[in-house]
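Structure record follows, encoded as structure tokens.
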Amino acid sequence: MRDRSRPSGVGTVIGWTALSVVAPGAAHLRAGWRRTGLALLSVHAVLLLGLLWIGLTSDLTDFADLAGWLAASSWLTAVTVASVALGVAWFALVVHSFVVLNPGTLPGAGQAITGTLAGTLAVAVLLPFGLVGQYAAVSQSALDKVFNAPVTPLSPTGSTGAGDPWAGRDRVNILLLGGDADTHRVGVRTDSINVASIDVETGNTVLLSLPRNLENVRFVPGSPMARRFPDGFRLPANPDGSREDLLFAVWEYADAHPEIFGGRKGQGTQTLVETIGHTLGLKIDWYALVNMWGFARLIDAIGGVRLTVPQDVVFGKYNEGLVKAGTRKLRGADAMWFARSRTNSDDFTRMGRQRCVLGALLTQADPATVLSRFNRIALATKELLRTDIPRPMLEHLVPLAVKVKSAKVTSVQFVPPLINTGYPDWAKIRTVTAKAIRASAAPTAPRRHLAATTRPTAPAATPSPGSAATPGPGSGATPSPGSDATPTSAPGARATSAVTPGPQSSTGTADTTEPKGITDGCA
């Protein structure tokens, strides 16, 4: 056994203490503590080999499942406790490794140098564990604040296997809203209205975008709003000719008129969710409302988003603001004004810009960025999101979100000439929705492109009252296979801007019913 009373010098103590950080037990073997050293090295080697085996045998699905588990409250609590315990244990190991090397026999200066360096090493070892624990605690706090809805299981569709979180569904449909609540009015005005229909197996997603200015909105037959507005949502025009009876105002109107619902308050959310589902012929499972300026803070939290602004975008009450044309990284406020400005723009152009911002954020928010700015992102998320997604579903939705990031994401925008927003063809909207979802579900379907954005020069024919009928059996997560007719565009339409041309119809014109990639048309 080695003589423990005579260390070799300052360099030896520092070197072997440092080695014990990555090879626990090395310092103990050097000092003659053979059993302790071998036991520590053996445990460390087994852990490293186990991690290596997991890394070599796991695929993306396994890591996605792990991400889902880590969203669960119990797992986050366990990670926090384990991180603190391991950090303290490693700290104590480094300190003990230093002590067994018997630095007390060194000269005074040597003791001071080695003690300072060993203390620095011990603290440095503790920091990563503390950071992991802090990330877990911050995540726990943010998730508890945002996902606080009561647990409501999905309604079963078809045969349901044991432990199937999707209740036998092929797809889940999540309503994504962008709104801006204001202190001087009740409710929320939803300026951005999208439904993400996601294949639970592949992650293939269709993003269905409805314009905020959709008129004569039809409500679910038999509902309080349908009884109040049997011929569609219609109110007297404002003195200046503007209208408040558009799709974006449904939530606000329902919240402001509880008498429609027998005195029950706060019915705006459910009314809008049911109305959007009825419009598209889908069963909406959950909604998520993004506060637009909270979204700007999220963009700032990730360090901005790189976008190509095709032409100057003016904003502000007096046109005092400007987002200049060009490709560069935009801060949150500029990105939001680019997406939302109405000056010299119509709602359909704004919808395209909003889609470009969402697509850029989806591709640029990589794991390295998220980890490096985690605390800021978590803080921004608390102020950003309102949802009825229950916390336990995150264990399944997080892995699904990982699939979406690498899957096929296409979009359909219900804008002219596809539909006339003043005289919507409700049956056509449902038919196009069903067609887009079938195309997304096809295993070999190529990425598709939507034709140039066009505006009608004459309104389409007013739909018959029957076009607002309740969707049939195909109105759930999976659309009815019977609705596969390809509708024609409104007569008299003319192209006003060009993007990548899409598939051609039998007449040689671009098919406006075809979905396109979420970044198609974004420079």
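Residues in the structure tokens are named by chain (A, B, ... in the order shown) and by number from 1 within that chain; ligands are numbered from 1 in the order shown.
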request  = Give me every helix (DSSP H, G or I) residue in range 98-289 of chain A, going by DSSP on the backbone, as a PyMOL selection string.
outcome  = chain A and resi 98-100+103-105+108-146+224-228+247-256+258-261+268-280
key: Spatial neighbours of Arg306 in chain A, max dist 8 Å, only C-alpha atoms, sep filter under 3 positions, as a ChimeraX atom specification   = /A:327-330,360
Keeping only C-alpha atoms, write the selected residues as a short mmCIF file (atom, residue, chain, number, x, y, z; two decimals), in the first residue's frame.
```cif
data_model
loop_
_atom_site.label_atom_id
_atom_site.label_comp_id
_atom_site.auth_asym_id
_atom_site.auth_seq_id
_atom_site.Cartn_x
_atom_site.Cartn_y
_atom_site.Cartn_z
CA THR A 327 -33.41 39.84 -45.35
CA ARG A 328 -32.29 40.19 -41.74
CA LYS A 329 -33.03 39.16 -38.19
CA LEU A 330 -36.09 40.95 -36.80
CA ALA A 360 -39.50 30.80 -39.62
#
```
Set out as JSON lines a contact list for range 14-120 of chain A and range 125-129 of chain A with a cut-off of 10 Å, giving each residue of range 14-120 of chain A that qualifies its closest atom pair and distance in Å to one decimal, counting only C-alpha atoms, ordered by chain and rising residue number.
```
{"residue": "A:Val21", "atom": "CA", "partner": "A:Val125", "partner_atom": "CA", "distance": 7.4}
{"residue": "A:Val22", "atom": "CA", "partner": "A:Val125", "partner_atom": "CA", "distance": 9.7}
{"residue": "A:Val79", "atom": "CA", "partner": "A:Phe129", "partner_atom": "CA", "distance": 9.9}
{"residue": "A:Thr80", "atom": "CA", "partner": "A:Phe129", "partner_atom": "CA", "distance": 9.0}
{"residue": "A:Ala82", "atom": "CA", "partner": "A:Phe129", "partner_atom": "CA", "distance": 8.8}
{"residue": "A:Ser83", "atom": "CA", "partner": "A:Phe129", "partner_atom": "CA", "distance": 5.0}
{"residue": "A:Val84", "atom": "CA", "partner": "A:Phe129", "partner_atom": "CA", "distance": 6.4}
{"residue": "A:Ala85", "atom": "CA", "partner": "A:Phe129", "partner_atom": "CA", "distance": 8.7}
{"residue": "A:Leu86", "atom": "CA", "partner": "A:Phe129", "partner_atom": "CA", "distance": 7.0}
{"residue": "A:Gly87", "atom": "CA", "partner": "A:Leu126", "partner_atom": "CA", "distance": 4.8}
{"residue": "A:Val88", "atom": "CA", "partner": "A:Leu126", "partner_atom": "CA", "distance": 6.7}
{"residue": "A:Ala89", "atom": "CA", "partner": "A:Leu126", "partner_atom": "CA", "distance": 8.9}
{"residue": "A:Trp90", "atom": "CA", "partner": "A:Val125", "partner_atom": "CA", "distance": 6.8}
{"residue": "A:Phe91", "atom": "CA", "partner": "A:Leu126", "partner_atom": "CA", "distance": 5.9}
{"residue": "A:Ala92", "atom": "CA", "partner": "A:Leu126", "partner_atom": "CA", "distance": 9.6}
{"residue": "A:Leu93", "atom": "CA", "partner": "A:Val125", "partner_atom": "CA", "distance": 10.0}
{"residue": "A:Val94", "atom": "CA", "partner": "A:Val125", "partner_atom": "CA", "distance": 8.3}
{"residue": "A:Gly119", "atom": "CA", "partner": "A:Val125", "partner_atom": "CA", "distance": 9.9}
{"residue": "A:Thr120", "atom": "CA", "partner": "A:Val125", "partner_atom": "CA", "distance": 8.6}
```
Let's have the selection written as a PDB file, in the first residue's frame, with N, CA and C atoms.
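Once written, part.pdb looks like this:
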```pdb
ATOM      1  N   VAL A  21     -12.512  14.224 -11.224  1.00  0.00           N
ATOM      2  CA  VAL A  21     -13.756  14.838 -11.684  1.00  0.00           C
ATOM      3  C   VAL A  21     -14.375  13.999 -12.802  1.00  0.00           C
ATOM      4  N   VAL A  22     -13.544  13.497 -13.725  1.00  0.00           N
ATOM      5  CA  VAL A  22     -14.049  12.710 -14.853  1.00  0.00           C
ATOM      6  C   VAL A  22     -13.864  11.217 -14.642  1.00  0.00           C
ATOM      7  N   VAL A  79     -36.383  14.907 -11.530  1.00  0.00           N
ATOM      8  CA  VAL A  79     -35.156  15.473 -12.110  1.00  0.00           C
ATOM      9  C   VAL A  79     -34.579  16.547 -11.206  1.00  0.00           C
ATOM     10  N   THR A  80     -35.432  17.384 -10.638  1.00  0.00           N
ATOM     11  CA  THR A  80     -34.954  18.438  -9.734  1.00  0.00           C
ATOM     12  C   THR A  80     -34.253  17.834  -8.522  1.00  0.00           C
ATOM     13  N   ALA A  82     -33.071  14.714  -8.129  1.00  0.00           N
ATOM     14  CA  ALA A  82     -31.890  13.937  -8.516  1.00  0.00           C
ATOM     15  C   ALA A  82     -30.719  14.850  -8.866  1.00  0.00           C
ATOM     16  N   SER A  83     -30.985  15.946  -9.527  1.00  0.00           N
ATOM     17  CA  SER A  83     -29.913  16.873  -9.894  1.00  0.00           C
ATOM     18  C   SER A  83     -29.238  17.448  -8.661  1.00  0.00           C
ATOM     19  N   VAL A  84     -30.032  17.851  -7.700  1.00  0.00           N
ATOM     20  CA  VAL A  84     -29.459  18.398  -6.464  1.00  0.00           C
ATOM     21  C   VAL A  84     -28.646  17.327  -5.743  1.00  0.00           C
ATOM     22  N   ALA A  85     -29.205  16.106  -5.645  1.00  0.00           N
ATOM     23  CA  ALA A  85     -28.510  15.026  -4.934  1.00  0.00           C
ATOM     24  C   ALA A  85     -27.201  14.659  -5.631  1.00  0.00           C
ATOM     25  N   LEU A  86     -27.229  14.501  -6.948  1.00  0.00           N
ATOM     26  CA  LEU A  86     -26.008  14.147  -7.678  1.00  0.00           C
ATOM     27  C   LEU A  86     -24.977  15.265  -7.616  1.00  0.00           C
ATOM     28  N   GLY A  87     -25.444  16.497  -7.694  1.00  0.00           N
ATOM     29  CA  GLY A  87     -24.520  17.625  -7.608  1.00  0.00           C
ATOM     30  C   GLY A  87     -23.794  17.663  -6.276  1.00  0.00           C
ATOM     31  N   VAL A  88     -24.533  17.469  -5.195  1.00  0.00           N
ATOM     32  CA  VAL A  88     -23.921  17.462  -3.856  1.00  0.00           C
ATOM     33  C   VAL A  88     -22.965  16.277  -3.716  1.00  0.00           C
ATOM     34  N   ALA A  89     -23.387  15.113  -4.253  1.00  0.00           N
ATOM     35  CA  ALA A  89     -22.536  13.925  -4.152  1.00  0.00           C
ATOM     36  C   ALA A  89     -21.238  14.118  -4.923  1.00  0.00           C
ATOM     37  N   TRP A  90     -21.293  14.688  -6.115  1.00  0.00           N
ATOM     38  CA  TRP A  90     -20.083  14.898  -6.913  1.00  0.00           C
ATOM     39  C   TRP A  90     -19.189  15.948  -6.266  1.00  0.00           C
ATOM     40  N   PHE A  91     -19.806  16.960  -5.699  1.00  0.00           N
ATOM     41  CA  PHE A  91     -19.050  17.975  -4.963  1.00  0.00           C
ATOM     42  C   PHE A  91     -18.271  17.321  -3.815  1.00  0.00           C
ATOM     43  N   ALA A  92     -18.981  16.470  -3.043  1.00  0.00           N
ATOM     44  CA  ALA A  92     -18.334  15.794  -1.916  1.00  0.00           C
ATOM     45  C   ALA A  92     -17.234  14.853  -2.403  1.00  0.00           C
ATOM     46  N   LEU A  93     -17.445  14.202  -3.558  1.00  0.00           N
ATOM     47  CA  LEU A  93     -16.436  13.296  -4.104  1.00  0.00           C
ATOM     48  C   LEU A  93     -15.147  14.035  -4.445  1.00  0.00           C
ATOM     49  N   VAL A  94     -15.279  15.198  -5.091  1.00  0.00           N
ATOM     50  CA  VAL A  94     -14.089  15.975  -5.441  1.00  0.00           C
ATOM     51  C   VAL A  94     -13.352  16.424  -4.183  1.00  0.00           C
ATOM     52  N   GLY A 119     -11.220  23.673  -4.541  1.00  0.00           N
ATOM     53  CA  GLY A 119     -12.527  24.285  -4.278  1.00  0.00           C
ATOM     54  C   GLY A 119     -13.202  24.760  -5.549  1.00  0.00           C
ATOM     55  N   THR A 120     -12.392  25.343  -6.451  1.00  0.00           N
ATOM     56  CA  THR A 120     -12.943  25.796  -7.739  1.00  0.00           C
ATOM     57  C   THR A 120     -13.470  24.618  -8.546  1.00  0.00           C
TER      58      THR A 120
END
```
Non-local contacts of Ala72 in chain A (7 Å; only C-alpha atoms; under 4 positions in same chain excluded) as an mmCIF file with all heavy atoms, in the first residue's frame:
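Printed below is selection30.cif as written:
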```cif
data_model
loop_
_atom_site.group_PDB
_atom_site.id
_atom_site.type_symbol
_atom_site.label_atom_id
_atom_site.label_comp_id
_atom_site.auth_asym_id
_atom_site.auth_seq_id
_atom_site.Cartn_x
_atom_site.Cartn_y
_atom_site.Cartn_z
ATOM 1 N N LEU A 76 -40.433 15.872 -13.687
ATOM 2 C CA LEU A 76 -39.705 17.122 -13.443
ATOM 3 C C LEU A 76 -39.306 17.235 -11.980
ATOM 4 O O LEU A 76 -38.204 17.701 -11.653
ATOM 5 C CB LEU A 76 -40.564 18.316 -13.852
ATOM 6 C CG LEU A 76 -40.676 18.570 -15.361
ATOM 7 C CD1 LEU A 76 -41.668 19.680 -15.636
ATOM 8 C CD2 LEU A 76 -39.314 18.916 -15.949
ATOM 9 N N PRO A 392 -51.599 16.477 -18.128
ATOM 10 C CA PRO A 392 -51.179 15.092 -18.405
ATOM 11 C C PRO A 392 -51.028 14.783 -19.894
ATOM 12 O O PRO A 392 -50.284 13.874 -20.259
ATOM 13 C CB PRO A 392 -52.304 14.252 -17.777
ATOM 14 C CG PRO A 392 -52.885 15.121 -16.719
ATOM 15 C CD PRO A 392 -52.802 16.509 -17.271
ATOM 16 N N GLU A 395 -47.428 14.725 -21.946
ATOM 17 C CA GLU A 395 -46.577 13.542 -22.083
ATOM 18 C C GLU A 395 -46.710 12.926 -23.473
ATOM 19 O O GLU A 395 -45.774 12.301 -23.973
ATOM 20 C CB GLU A 395 -46.964 12.517 -21.010
ATOM 21 C CG GLU A 395 -46.122 11.256 -21.017
ATOM 22 C CD GLU A 395 -46.493 10.288 -19.912
ATOM 23 O OE1 GLU A 395 -47.168 10.721 -18.948
ATOM 24 O OE2 GLU A 395 -46.115 9.101 -20.013
#
```
query = Between A:Pro24, A:Pro258, A:Gly281, A:Gly422, which is the closest to Leu40 in chain A once you count only C-alpha atoms?
reply =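 The answer is A:Pro24, which sits nearest to Leu40 in chain A.
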key: DSSP strand (DSSP E or B) residues within range 107-276 of chain A, listed as a ChimeraX atom specification   = /A:149,171-179,190-199,205-210
Can you write just those residues out, N, CA and C atoms, as a PDB file, in the first residue's frame?
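What landed in out35.pdb:
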```pdb
ATOM      1  N   ALA A 149     -55.750  23.437 -17.078  1.00  0.00           N
ATOM      2  CA  ALA A 149     -57.131  23.049 -17.377  1.00  0.00           C
ATOM      3  C   ALA A 149     -57.439  21.694 -16.752  1.00  0.00           C
ATOM      4  N   ARG A 171     -56.064  11.374 -36.008  1.00  0.00           N
ATOM      5  CA  ARG A 171     -55.567  12.753 -35.996  1.00  0.00           C
ATOM      6  C   ARG A 171     -56.116  13.465 -34.764  1.00  0.00           C
ATOM      7  N   VAL A 172     -55.401  14.494 -34.350  1.00  0.00           N
ATOM      8  CA  VAL A 172     -55.923  15.432 -33.358  1.00  0.00           C
ATOM      9  C   VAL A 172     -55.931  16.811 -34.001  1.00  0.00           C
ATOM     10  N   ASN A 173     -56.903  17.619 -33.619  1.00  0.00           N
ATOM     11  CA  ASN A 173     -57.091  18.931 -34.206  1.00  0.00           C
ATOM     12  C   ASN A 173     -56.989  19.989 -33.117  1.00  0.00           C
ATOM     13  N   ILE A 174     -56.033  20.876 -33.272  1.00  0.00           N
ATOM     14  CA  ILE A 174     -55.792  21.908 -32.267  1.00  0.00           C
ATOM     15  C   ILE A 174     -56.023  23.276 -32.898  1.00  0.00           C
ATOM     16  N   LEU A 175     -56.896  24.059 -32.298  1.00  0.00           N
ATOM     17  CA  LEU A 175     -57.184  25.405 -32.773  1.00  0.00           C
ATOM     18  C   LEU A 175     -56.136  26.367 -32.236  1.00  0.00           C
ATOM     19  N   LEU A 176     -55.423  27.018 -33.135  1.00  0.00           N
ATOM     20  CA  LEU A 176     -54.363  27.962 -32.771  1.00  0.00           C
ATOM     21  C   LEU A 176     -54.851  29.374 -33.063  1.00  0.00           C
ATOM     22  N   LEU A 177     -54.967  30.171 -32.025  1.00  0.00           N
ATOM     23  CA  LEU A 177     -55.512  31.524 -32.144  1.00  0.00           C
ATOM     24  C   LEU A 177     -54.465  32.555 -31.764  1.00  0.00           C
ATOM     25  N   GLY A 178     -54.472  33.651 -32.483  1.00  0.00           N
ATOM     26  CA  GLY A 178     -53.671  34.805 -32.100  1.00  0.00           C
ATOM     27  C   GLY A 178     -54.613  35.943 -31.801  1.00  0.00           C
ATOM     28  N   GLY A 179     -54.568  36.462 -30.591  1.00  0.00           N
ATOM     29  CA  GLY A 179     -55.519  37.500 -30.197  1.00  0.00           C
ATOM     30  C   GLY A 179     -54.862  38.582 -29.386  1.00  0.00           C
ATOM     31  N   THR A 190     -59.844  37.684 -32.066  1.00  0.00           N
ATOM     32  CA  THR A 190     -58.902  36.703 -32.597  1.00  0.00           C
ATOM     33  C   THR A 190     -58.521  37.098 -34.022  1.00  0.00           C
ATOM     34  N   ASP A 191     -57.362  37.706 -34.165  1.00  0.00           N
ATOM     35  CA  ASP A 191     -56.906  38.181 -35.466  1.00  0.00           C
ATOM     36  C   ASP A 191     -56.294  37.082 -36.313  1.00  0.00           C
ATOM     37  N   SER A 192     -55.830  36.019 -35.697  1.00  0.00           N
ATOM     38  CA  SER A 192     -55.215  34.906 -36.426  1.00  0.00           C
ATOM     39  C   SER A 192     -55.926  33.626 -36.021  1.00  0.00           C
ATOM     40  N   ILE A 193     -56.463  32.898 -37.010  1.00  0.00           N
ATOM     41  CA  ILE A 193     -57.281  31.718 -36.739  1.00  0.00           C
ATOM     42  C   ILE A 193     -56.776  30.562 -37.600  1.00  0.00           C
ATOM     43  N   ASN A 194     -56.171  29.583 -36.967  1.00  0.00           N
ATOM     44  CA  ASN A 194     -55.617  28.424 -37.682  1.00  0.00           C
ATOM     45  C   ASN A 194     -55.975  27.151 -36.924  1.00  0.00           C
ATOM     46  N   VAL A 195     -56.174  26.084 -37.665  1.00  0.00           N
ATOM     47  CA  VAL A 195     -56.359  24.767 -37.063  1.00  0.00           C
ATOM     48  C   VAL A 195     -55.239  23.867 -37.557  1.00  0.00           C
ATOM     49  N   ALA A 196     -54.505  23.272 -36.623  1.00  0.00           N
ATOM     50  CA  ALA A 196     -53.468  22.296 -36.955  1.00  0.00           C
ATOM     51  C   ALA A 196     -54.066  20.906 -36.814  1.00  0.00           C
ATOM     52  N   SER A 197     -54.208  20.210 -37.937  1.00  0.00           N
ATOM     53  CA  SER A 197     -54.705  18.833 -37.931  1.00  0.00           C
ATOM     54  C   SER A 197     -53.496  17.911 -38.081  1.00  0.00           C
ATOM     55  N   ILE A 198     -53.214  17.133 -37.040  1.00  0.00           N
ATOM     56  CA  ILE A 198     -51.951  16.393 -36.940  1.00  0.00           C
ATOM     57  C   ILE A 198     -52.203  14.897 -36.938  1.00  0.00           C
ATOM     58  N   ASP A 199     -51.499  14.193 -37.814  1.00  0.00           N
ATOM     59  CA  ASP A 199     -51.533  12.734 -37.844  1.00  0.00           C
ATOM     60  C   ASP A 199     -50.731  12.213 -36.654  1.00  0.00           C
ATOM     61  N   THR A 205     -48.850  17.278 -40.846  1.00  0.00           N
ATOM     62  CA  THR A 205     -49.762  18.298 -40.339  1.00  0.00           C
ATOM     63  C   THR A 205     -50.320  19.137 -41.473  1.00  0.00           C
ATOM     64  N   VAL A 206     -51.602  19.456 -41.363  1.00  0.00           N
ATOM     65  CA  VAL A 206     -52.241  20.430 -42.260  1.00  0.00           C
ATOM     66  C   VAL A 206     -52.629  21.630 -41.419  1.00  0.00           C
ATOM     67  N   LEU A 207     -52.164  22.802 -41.827  1.00  0.00           N
ATOM     68  CA  LEU A 207     -52.511  24.039 -41.146  1.00  0.00           C
ATOM     69  C   LEU A 207     -53.600  24.733 -41.951  1.00  0.00           C
ATOM     70  N   LEU A 208     -54.800  24.790 -41.382  1.00  0.00           N
ATOM     71  CA  LEU A 208     -55.967  25.357 -42.054  1.00  0.00           C
ATOM     72  C   LEU A 208     -56.202  26.769 -41.524  1.00  0.00           C
ATOM     73  N   SER A 209     -56.106  27.757 -42.396  1.00  0.00           N
ATOM     74  CA  SER A 209     -56.186  29.154 -41.978  1.00  0.00           C
ATOM     75  C   SER A 209     -57.488  29.777 -42.458  1.00  0.00           C
ATOM     76  N   LEU A 210     -58.258  30.303 -41.500  1.00  0.00           N
ATOM     77  CA  LEU A 210     -59.494  31.009 -41.819  1.00  0.00           C
ATOM     78  C   LEU A 210     -59.282  32.507 -41.680  1.00  0.00           C
TER      79      LEU A 210
END
```
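Taking CA of Leu19 in chain A as the reference point, CA of Ile113 in chain A is found at 17.0 Å.
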message = Using only C-alpha atoms for the distances, tell me which of A:Val217, A:Val432, A:Leu247, A:Val13 is nearest to Val99 in chain A.
response =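 Answer, going by the shortest atom-to-atom distance: A:Val13.
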